[in-house]
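A.B. asks: Got a structure for you, written out below as structure tokens; questions coming shortly.
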Amino acid sequence: MAWEISITAEGWQQIRDKLDDWDRAALIAAITEDTFERVEQVAGHHHAQRAANAERKRLEDLPQEVLADRAYELIEKNNLCDNGGFGYWVDRGGYHKVWLD
């Protein structure tokens, strides 16, 4: 079950700091997964796969910091975390999470 995020500014900074530690492949996978999930809801699996492939291609050459910023923006937008508030969802399905101690 997902909860809405309710944390302090310090908590948000911890999330952003953790994203700096993610490698490029993990950031790209999380952002692409969110794109897939968003498109699948309205246009089905086939279109979602095409959108995810196009998103992955757009992300390939972006700097690490830009990818981390984009993942952070998705966490803010999706506004979801695990029960207890320790796993913050990058994608709307909760497959890619930032874990705080």
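As shown in the structure tokens, the chain order sets the letters A, B, ...; within each chain, residues go from 1, and ligands are also counted from 1 in the order they appear.
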Residues at most 12 Å from region 47-50 of chain A, counting only C-alpha atoms, excluding those fewer than 3 positions away in the same chain, as a list in words?
C.D. replies: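 Residues near the query, excluding close chain neighbours: Thr32, Glu33, Asp34, Thr35, Phe36, Glu37, Arg38, Val39, Glu40, Gln41, Val42, Ala43, Gly44, Asn53, Ala54, Glu55, Arg56 and Lys57 of chain A.
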A.B. asks: Ranking A:Glu60, A:Asp69, A:Glu4, A:Glu76 by minimum distance to Ala29 (chain A) and counting only C-alpha atoms, which one comes first?
C.D. replies: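 Closest to Ala29 (chain A), using only C-alpha atoms: A:Glu60.
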A.B. asks: So that I can check the surroundings of Leu74 (chain A), please list as a ChimeraX atom specification every protein, DNA and RNA residue that reaches within 9 Å of it, counting only C-alpha atoms and ignoring chain neighbours fewer than 3 positions away.
C.D. replies: /A:31,34,69-71,77-79,89-92
A.B. asks: Could you tell me how far CA of Ile5 (chain A) lies from CA of Cys81 (chain A), in Å and to one decimal?
C.D. replies: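 CA of Cys81 (chain A) lies at a distance of 5.9 Å from CA of Ile5 (chain A).
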A.B. asks: Find the residues around region 95-100 of chain A up to 10 Å (only C-alpha atoms counted), leave out those fewer than 5 positions away in its own chain, and share them as a count of residues only.
C.D. replies: 27
A.B. asks: Using Å and a single decimal, report how far CA of Asp20 (chain A) sits from CA of Ala68 (chain A).
C.D. replies: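 Calculated distance between CA of Ala68 (chain A) and CA of Asp20 (chain A) is 6.1 Å.
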A.B. asks: Step one, run DSSP on the backbone; step two, keep only residues of chain A assigned to strand (DSSP E); then write them as a ChimeraX atom specification.
C.D. replies: /A:2-4,80-82,87-89,97-99
A.B. asks: Measuring between only C-alpha atoms, which one of A:Asp21, A:Ile28, A:Asn83, A:His45 shows the shortest distance to Asp61 (chain A)?
C.D. replies: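 Smallest distance to Asp61 (chain A) is found for A:Ile28.
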A.B. asks: Please report, as a VMD selection string, each residue of chain A to which DSSP assigns helix (DSSP H, G or I) when run on this structure's backbone.
C.D. replies: chain A and resid 9 to 21 24 to 43 45 to 59 64 to 78
